[in-house]
Every structure is written in C-alpha cells, then in structure tokens.
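Undergrad: Here you go, this is entry_0.pdb (PDB, C-alpha atoms).
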```pdb
ATOM      1  CA  MET A  25     -27.503 -25.120   2.408
ATOM      2  CA  PRO A  26     -23.773 -24.571   2.324
ATOM      3  CA  SER A  27     -22.210 -21.471   3.813
ATOM      4  CA  TYR A  28     -19.855 -19.465   1.598
ATOM      5  CA  ASP A  29     -17.106 -17.071   2.612
ATOM      6  CA  PHE A  30     -16.321 -14.203   0.283
ATOM      7  CA  ALA A  31     -15.321 -10.557   0.273
ATOM      8  CA  LEU A  32     -16.747  -7.573  -1.549
ATOM      9  CA  ILE A  33     -14.795  -4.512  -2.670
ATOM     10  CA  LEU A  34     -17.050  -1.490  -2.252
ATOM     11  CA  SER A  35     -17.034   1.910  -3.940
ATOM     12  CA  ARG A  36     -16.528   3.444  -0.487
ATOM     13  CA  PRO A  37     -16.632   2.466   3.184
ATOM     14  CA  LEU A  38     -19.951   2.705   4.978
ATOM     15  CA  TYR A  39     -20.716   5.514   7.395
ATOM     16  CA  GLU A  40     -21.616   4.581  10.947
ATOM     17  CA  GLU A  41     -25.249   5.617  10.422
ATOM     18  CA  GLU A  42     -25.486   3.105   7.544
ATOM     19  CA  LEU A  43     -24.525   0.137   9.703
ATOM     20  CA  ASP A  44     -27.893  -0.474  11.355
ATOM     21  CA  PRO A  45     -29.812  -1.043   8.098
ATOM     22  CA  LEU A  46     -27.124  -3.457   6.868
ATOM     23  CA  PHE A  47     -27.009  -5.258  10.215
ATOM     24  CA  ASP A  48     -30.804  -5.609  10.183
ATOM     25  CA  ARG A  49     -30.777  -7.040   6.636
ATOM     26  CA  THR A  50     -27.894  -9.445   7.207
ATOM     27  CA  HIS A  51     -28.276 -10.267  10.919
ATOM     28  CA  GLY A  52     -24.635  -9.299  11.436
ATOM     29  CA  ALA A  53     -23.250 -11.805   8.905
ATOM     30  CA  VAL A  54     -21.520  -9.070   6.896
ATOM     31  CA  THR A  55     -18.571  -7.156   8.357
ATOM     32  CA  VAL A  56     -17.756  -3.878   6.618
ATOM     33  CA  SER A  57     -15.163  -1.126   6.741
ATOM     34  CA  VAL A  58     -16.491   2.057   8.319
ATOM     35  CA  ALA A  59     -15.594   5.680   7.556
ATOM     36  CA  SER A  60     -16.041   8.041  10.454
ATOM     37  CA  GLU A  61     -15.236  11.150   8.402
ATOM     38  CA  PRO A  62     -16.481  12.027   4.889
ATOM     39  CA  GLU A  63     -12.911  12.503   3.624
ATOM     40  CA  HIS A  64     -12.216   8.814   4.364
ATOM     41  CA  ALA A  65     -15.077   7.803   2.081
ATOM     42  CA  GLU A  66     -12.936   8.466  -1.004
ATOM     43  CA  ARG A  67     -11.076   5.173  -0.604
ATOM     44  CA  PRO A  68     -12.673   1.820  -1.427
ATOM     45  CA  GLY A  69     -14.408  -0.085   1.325
ATOM     46  CA  ASN A  70     -14.704  -3.793   1.889
ATOM     47  CA  ALA A  71     -17.127  -6.304   3.282
ATOM     48  CA  SER A  72     -16.351  -9.781   4.584
ATOM     49  CA  CYS A  73     -19.241 -12.188   4.299
ATOM     50  CA  SER A  74     -20.219 -15.639   5.425
ATOM     51  CA  TRP A  75     -23.560 -16.363   3.777
ATOM     52  CA  GLN A  76     -25.683 -19.414   3.115
ATOM     53  CA  GLY A  77     -27.143 -20.065  -0.287
ATOM     54  CA  PRO A  78     -27.948 -22.844  -2.726
ATOM     55  CA  THR A  79     -24.913 -21.729  -4.768
ATOM     56  CA  LEU A  80     -22.058 -19.306  -4.334
ATOM     57  CA  ALA A  81     -23.570 -17.108  -7.057
ATOM     58  CA  ALA A  82     -26.900 -16.916  -5.224
ATOM     59  CA  ALA A  83     -25.158 -16.095  -1.932
ATOM     60  CA  ILE A  84     -23.041 -13.343  -3.507
ATOM     61  CA  MET A  85     -25.935 -11.756  -5.379
ATOM     62  CA  GLU A  86     -28.103 -11.711  -2.252
ATOM     63  CA  VAL A  87     -25.399  -9.957  -0.215
ATOM     64  CA  VAL A  88     -24.685  -7.492  -3.055
ATOM     65  CA  GLN A  89     -28.357  -6.523  -2.987
ATOM     66  CA  HIS A  90     -28.401  -6.160   0.820
ATOM     67  CA  VAL A  91     -25.254  -4.025   0.870
ATOM     68  CA  GLU A  92     -26.321  -1.730  -1.940
ATOM     69  CA  GLU A  93     -29.866  -1.262  -0.627
ATOM     70  CA  SER A  94     -28.552  -0.478   2.861
ATOM     71  CA  ALA A  95     -26.459   2.517   1.822
ATOM     72  CA  PRO A  96     -27.515   4.979  -0.895
ATOM     73  CA  GLY A  97     -24.805   5.571  -3.486
ATOM     74  CA  LEU A  98     -22.742   2.558  -2.412
ATOM     75  CA  HIS A  99     -21.844   0.066  -5.143
ATOM     76  CA  VAL A 100     -20.125  -3.293  -5.081
ATOM     77  CA  LEU A 101     -17.176  -3.112  -7.466
ATOM     78  CA  GLU A 102     -15.695  -6.582  -7.197
ATOM     79  CA  VAL A 103     -16.015  -9.898  -5.382
ATOM     80  CA  GLU A 104     -13.302 -12.256  -4.118
ATOM     81  CA  ALA A 105     -14.004 -15.841  -3.009
ATOM     82  CA  ASP A 106     -10.491 -17.238  -2.551
ATOM     83  CA  PRO A 107      -9.800 -15.993   0.962
ATOM     84  CA  LEU A 108      -6.551 -14.856   2.490
ATOM     85  CA  LEU A 109      -5.771 -16.861   5.627
ATOM     86  CA  THR A 110      -3.678 -16.509   8.741
ATOM     87  CA  ILE A 111      -1.597 -19.406  10.059
ATOM     88  CA  ARG A 112      -4.416 -20.150  12.524
ATOM     89  CA  ASP A 113      -6.993 -20.207   9.695
ATOM     90  CA  ILE A 114      -4.796 -22.600   7.703
ATOM     91  CA  ALA A 115      -4.401 -24.917  10.696
ATOM     92  CA  GLU A 116      -8.177 -25.043  11.191
ATOM     93  CA  ARG A 117      -8.913 -25.714   7.511
ATOM     94  CA  VAL A 118      -6.329 -28.460   7.079
ATOM     95  CA  GLY A 119      -6.859 -30.038  10.506
ATOM     96  CA  ARG A 120      -3.290 -29.519  11.726
ATOM     97  CA  SER A 121      -1.738 -27.846  14.731
ATOM     98  CA  LEU A 122      -0.315 -24.338  14.559
ATOM     99  CA  ASP A 123       3.185 -25.754  15.051
ATOM    100  CA  SER A 124       2.705 -28.186  12.194
ATOM    101  CA  VAL A 125       1.702 -25.361   9.858
ATOM    102  CA  ARG A 126       4.609 -23.186  11.055
ATOM    103  CA  HIS A 127       7.028 -26.040  10.334
ATOM    104  CA  ALA A 128       5.531 -26.478   6.855
ATOM    105  CA  ILE A 129       5.915 -22.757   6.138
ATOM    106  CA  THR A 130       9.566 -22.725   7.192
ATOM    107  CA  GLY A 131      10.314 -25.991   5.382
ATOM    108  CA  ALA A 132      11.299 -27.738   8.617
ATOM    109  CA  ARG A 133       8.681 -30.432   8.036
ATOM    110  CA  GLY A 134       6.841 -31.753   5.007
ATOM    111  CA  ALA A 135       7.420 -31.141   1.330
ATOM    112  CA  ALA A 136       9.376 -28.097   0.264
ATOM    113  CA  GLY A 137       7.806 -25.178  -1.499
ATOM    114  CA  PHE A 138       5.045 -23.998   0.822
ATOM    115  CA  PRO A 139       3.270 -21.129  -0.987
ATOM    116  CA  SER A 140       4.593 -17.643  -0.379
ATOM    117  CA  PRO A 141       2.343 -15.269   1.539
ATOM    118  CA  GLU A 142       0.152 -13.011  -0.585
ATOM    119  CA  MET A 143       0.429 -10.192   1.939
ATOM    120  CA  SER A 144       2.872  -9.390   4.693
ATOM    121  CA  SER A 145       2.618  -6.365   6.939
ATOM    122  CA  ALA A 146       4.015  -5.641  10.394
ATOM    123  CA  GLY A 147       4.874  -9.297  10.959
ATOM    124  CA  HIS A 148       1.440 -10.550   9.910
ATOM    125  CA  ARG A 149       1.307 -12.783   6.866
ATOM    126  CA  LEU A 150      -1.668 -13.961   4.833
ATOM    127  CA  TRP A 151      -1.782 -16.863   2.374
ATOM    128  CA  ARG A 152      -4.213 -17.506  -0.504
ATOM    129  CA  TRP A 153      -6.383 -20.515   0.358
ATOM    130  CA  SER A 154      -6.338 -22.025  -3.157
ATOM    131  CA  LYS A 155      -2.520 -22.217  -3.100
ATOM    132  CA  VAL A 156      -2.380 -23.632   0.434
ATOM    133  CA  ALA A 157      -5.127 -26.167  -0.343
ATOM    134  CA  ALA A 158      -3.216 -27.331  -3.429
ATOM    135  CA  TRP A 159       0.011 -27.666  -1.426
ATOM    136  CA  TYR A 160      -1.710 -29.773   1.264
ATOM    137  CA  GLY A 161      -3.677 -31.746  -1.342
ATOM    138  CA  VAL A 162      -7.023 -30.563   0.031
ATOM    139  CA  ASP A 163      -9.870 -30.924  -2.436
ATOM    140  CA  ASP A 164     -12.164 -28.003  -1.606
ATOM    141  CA  PRO A 165     -15.298 -28.126  -3.780
ATOM    142  CA  GLN A 166     -16.045 -24.476  -2.976
ATOM    143  CA  LEU A 167     -12.815 -23.451  -4.722
ATOM    144  CA  VAL A 168     -13.946 -25.296  -7.850
ATOM    145  CA  GLU A 169     -17.174 -23.312  -7.780
ATOM    146  CA  ALA A 170     -15.486 -20.039  -6.769
ATOM    147  CA  LYS A 171     -13.169 -19.368  -9.698
ATOM    148  CA  PRO A 172     -15.710 -19.311 -12.566
ATOM    149  CA  THR A 173     -18.444 -17.817 -10.376
ATOM    150  CA  VAL A 174     -16.293 -14.903  -9.274
ATOM    151  CA  GLN A 175     -15.038 -14.323 -12.808
ATOM    152  CA  ALA A 176     -18.613 -14.185 -14.162
ATOM    153  CA  ILE A 177     -19.976 -11.994 -11.365
ATOM    154  CA  ASN A 178     -17.049  -9.572 -11.610
ATOM    155  CA  GLY A 179     -17.754  -9.320 -15.351
ATOM    156  CA  TRP A 180     -21.410  -8.625 -14.574
ATOM    157  CA  LEU A 181     -20.487  -5.970 -11.982
ATOM    158  CA  ALA A 182     -18.224  -4.233 -14.511
ATOM    159  CA  LEU A 183     -20.870  -4.385 -17.244
ATOM    160  CA  ARG A 184     -23.513  -3.071 -14.836
ATOM    161  CA  ASP A 185     -21.322  -0.080 -13.982
ATOM    162  CA  VAL A 186     -20.372   0.734 -17.580
ATOM    163  CA  VAL A 187     -23.586  -0.064 -19.480
ATOM    164  CA  PRO A 188     -26.350  -0.664 -16.936
ATOM    165  CA  ASP A 189     -29.107  -0.749 -19.567
ATOM    166  CA  ILE A 190     -27.842  -3.999 -21.088
ATOM    167  CA  ALA A 191     -26.596  -5.772 -17.948
ATOM    168  CA  PRO A 192     -28.824  -8.746 -17.126
ATOM    169  CA  ALA A 193     -30.773  -8.856 -13.879
ATOM    170  CA  PRO A 194     -28.998 -10.545 -10.946
ATOM    171  CA  GLU A 195     -31.463 -13.461 -11.070
ATOM    172  CA  GLU A 196     -30.570 -14.104 -14.706
ATOM    173  CA  VAL A 197     -26.874 -14.246 -13.869
ATOM    174  CA  THR A 198     -27.479 -16.597 -10.949
ATOM    175  CA  SER A 199     -29.730 -18.818 -13.043
ATOM    176  CA  ALA A 200     -27.249 -18.997 -15.934
ATOM    177  CA  LEU A 201     -24.378 -19.827 -13.588
ATOM    178  CA  SER A 202     -26.350 -22.587 -11.863
ATOM    179  CA  LEU A 203     -26.666 -24.339 -15.236
ATOM    180  CA  VAL A 204     -22.955 -24.430 -16.032
ATOM    181  CA  ILE A 205     -20.959 -24.300 -12.797
ATOM    182  CA  PRO A 206     -20.748 -27.246 -10.420
ATOM    183  CA  HIS A 207     -21.768 -26.239  -6.932
ATOM    184  CA  VAL A 208     -21.460 -27.685  -3.458
ATOM    185  CA  ALA A 209     -24.328 -30.021  -2.683
TER     186      ALA A 209
END
```
Can you present the structure in this file as structure tokens?
TA:
Amino acid sequence: MPSYDFALILSRPLYEEELDPLFDRTHGAVTVSVASEPEHAERPGNASCSWQGPTLAAAIMEVVQHVEESAPGLHVLEVEADPLLTIRDIAERVGRSLDSVRHAITGARGAAGFPSPEMSSAGHRLWRWSKVAAWYGVDDPQLVEAKPTVQAINGWLALRDVVPDIAPAPEEVTSALSLVIPHVA
C-alpha cells in the first residue's frame, strides 16, 4: 500500500493529556500541535500525517476518525495534501543536491522562473510541492489523486459541520471517490 503525506487543520490544538490516546491509535504516525494552556486552545491546531492506505481518501478518512475519537470535542476542519517543502525536502524529492536546488531557486542554474515560496518567515522558506514538481517536470501520481480527493473531502467536512444529518458516512465518501479518482497503485 502506498504511503500518503497530508495535513489536517483542527478545530483546536490537542492538550498534552490527549496525546497518548492518539499516539496509541496511530503508532506515532500523526504529529499534532499541542496546547499547554486552555487559552491557547482557541486557535486552530494542525496534524501532519504520513499514513498508508489503498487510496488517499481512505488514508485521510482513517486518520480523521483516529484524531476525532482521540480527543472529545476536537473536529477536523480541513485537509491539505499538497505539502509545503523546505529546500532539503525538494532536493530529496527531485533527487538533486542542496546546492543544485539553491542554484535553481536563485536562477543561477537551470530554467528561469523557479516557483516563489508560499511562506517565508525568519529566513525559512517553504515551497508548494505541486509547483516545484511542475517546474522540475516531475510526474507525481499522488498529486493527480490529491487535488480532487482533497476538494471532495473538504466539501464533506464542511457539509458534516453545517448539516450533519445529511452528510454521507465516511465509508460512502471513500467508496464514491475510489470509483472516479485515479489512485496510486
């Protein structure tokens, strides 16, 4: 089974006492933001995941269930499956050296127009993988699966929060997506 990397936006960070149940359910494969004080729980939390599944949809839905069952009152609000990468991450994914990637970013080597960073803070920059993959000409089948899967699951999450009585069960969403979205074999 392929392994998928994705992130979840949570209704709040987890409290330290909620970590053990999540760790037990996910064997440490989900990294979450932690709030040490109740007043910090007002901001959204996040979870970074690397999870195996027959499809991206199945992997996401399984982790959503684990996260929500581990912490009462916690809800997944959104999912993201087009990761933000550091220069080191880019080098690993495209099979190049760090210097080669740095030269590409500055325009000193390779084609012009390297994608702009999505985030930049305190000298740390992050690039969106789909844009970097396109620039390098990398055909990543998980990106093909990610865009429609994430769009559908985010729609389901929104529907579930607004009108839970009519939102389909997670298994129905996963099943429907497996019929129409190509997935990594």
Undergrad: Evaluate the PyMOL selection byres ((chain A and resi 159) around 9) and record the selected residues as JSON, numbers by chain, following the chain and residue labels used in the document.
TA: {"A": [135, 137, 138, 139, 154, 155, 156, 157, 158, 160, 161, 162]}
Undergrad: Could those residues be written to a file, using C-alpha atoms, as a compact mmCIF listing (two decimals), in the frame of the given file?
TA:
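Listing of result-v7.txt after writing:
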```txt
# COMPACT_ATOMS: atom_id res chain seq x y z
CA ALA A 135 7.42 -31.14 1.33
CA GLY A 137 7.81 -25.18 -1.50
CA PHE A 138 5.04 -24.00 0.82
CA PRO A 139 3.27 -21.13 -0.99
CA SER A 154 -6.34 -22.02 -3.16
CA LYS A 155 -2.52 -22.22 -3.10
CA VAL A 156 -2.38 -23.63 0.43
CA ALA A 157 -5.13 -26.17 -0.34
CA ALA A 158 -3.22 -27.33 -3.43
CA TYR A 160 -1.71 -29.77 1.26
CA GLY A 161 -3.68 -31.75 -1.34
CA VAL A 162 -7.02 -30.56 0.03
```
Undergrad: Using the chain letters and residue numbers of this document, give as a PyMOL selection string the residues selected by the PyMOL selection byres ((chain A and resi 126) around 12).
TA: chain A and resi 110-112+114-115+120-125+127-134+138+149
Undergrad: Which residues, written as a PyMOL selection string, have at least one atom at most 9 Å from stretch 186-196 of chain A, with all atoms listed in the file counted and residues fewer than 3 positions away on the same chain left out?
TA: chain A and resi 82+85-86+89+180-183+199-201
Undergrad: Using the chain letters and residue numbers of this document, give as an mmCIF file with C-alpha atoms, keeping the file's coordinate frame the residues selected by the PyMOL selection byres ((chain A and resi 57) around 8).
TA:
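Generated output (selection17.cif):
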```
data_model
loop_
_atom_site.group_PDB
_atom_site.id
_atom_site.type_symbol
_atom_site.label_atom_id
_atom_site.label_comp_id
_atom_site.auth_asym_id
_atom_site.auth_seq_id
_atom_site.Cartn_x
_atom_site.Cartn_y
_atom_site.Cartn_z
ATOM 1 C CA PRO A 37 -16.632 2.466 3.184
ATOM 2 C CA LEU A 38 -19.951 2.705 4.978
ATOM 3 C CA THR A 55 -18.571 -7.156 8.357
ATOM 4 C CA VAL A 56 -17.756 -3.878 6.618
ATOM 5 C CA VAL A 58 -16.491 2.057 8.319
ATOM 6 C CA ALA A 59 -15.594 5.680 7.556
ATOM 7 C CA GLY A 69 -14.408 -0.085 1.325
ATOM 8 C CA ASN A 70 -14.704 -3.793 1.889
ATOM 9 C CA ALA A 71 -17.127 -6.304 3.282
#
```
Undergrad: Go ahead and find all residues with at least one atom no further than 10 Å from (-26.0, -23.5, -8.0) in the file's coordinates, using all atoms listed in the file; report them as a ChimeraX atom specification.
TA: /A:77-83,169,173,198-209
Undergrad: Generate a file of the selected residues that holds C-alpha atoms, formatted as a compact mmCIF listing (two decimals), in the frame of the given file.
TA:
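Listed below is the output, again.txt:
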```txt
# COMPACT_ATOMS: atom_id res chain seq x y z
CA GLY A 77 -27.14 -20.07 -0.29
CA PRO A 78 -27.95 -22.84 -2.73
CA THR A 79 -24.91 -21.73 -4.77
CA LEU A 80 -22.06 -19.31 -4.33
CA ALA A 81 -23.57 -17.11 -7.06
CA ALA A 82 -26.90 -16.92 -5.22
CA ALA A 83 -25.16 -16.10 -1.93
CA GLU A 169 -17.17 -23.31 -7.78
CA THR A 173 -18.44 -17.82 -10.38
CA THR A 198 -27.48 -16.60 -10.95
CA SER A 199 -29.73 -18.82 -13.04
CA ALA A 200 -27.25 -19.00 -15.93
CA LEU A 201 -24.38 -19.83 -13.59
CA SER A 202 -26.35 -22.59 -11.86
CA LEU A 203 -26.67 -24.34 -15.24
CA VAL A 204 -22.96 -24.43 -16.03
CA ILE A 205 -20.96 -24.30 -12.80
CA PRO A 206 -20.75 -27.25 -10.42
CA HIS A 207 -21.77 -26.24 -6.93
CA VAL A 208 -21.46 -27.68 -3.46
CA ALA A 209 -24.33 -30.02 -2.68
```
Undergrad: Counting all atoms listed in the file, which residue out of A:Leu108, A:Val103, A:Met143, A:Val118 sits closest to A:Asn178?
TA: A:Val103
Undergrad: Would you kindly return, as a list in words, each protein, DNA or RNA residue with an atom no farther than 9 Å from any atom of A:Ala105, considering all atoms listed in the file and excluding same-chain residues fewer than 3 positions away?
TA: Tyr28, Asp29, Phe30, Ala31, Leu32, Leu80, Gln166, Leu167, Ala170, Lys171, Thr173 and Val174 of chain A
Undergrad: Can you work out the spacing between atom CA of A:Phe47 and atom CA of A:Pro68 in Å, to one decimal?
TA: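 That distance, rounded to one decimal, is 19.8 Å.
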Undergrad: Could you check how far atom CA of A:Ser72 sits from atom CA of A:Ala146, in Å to one decimal?
TA: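 Between atom CA of A:Ser72 and atom CA of A:Ala146 the gap works out to 21.6 Å.
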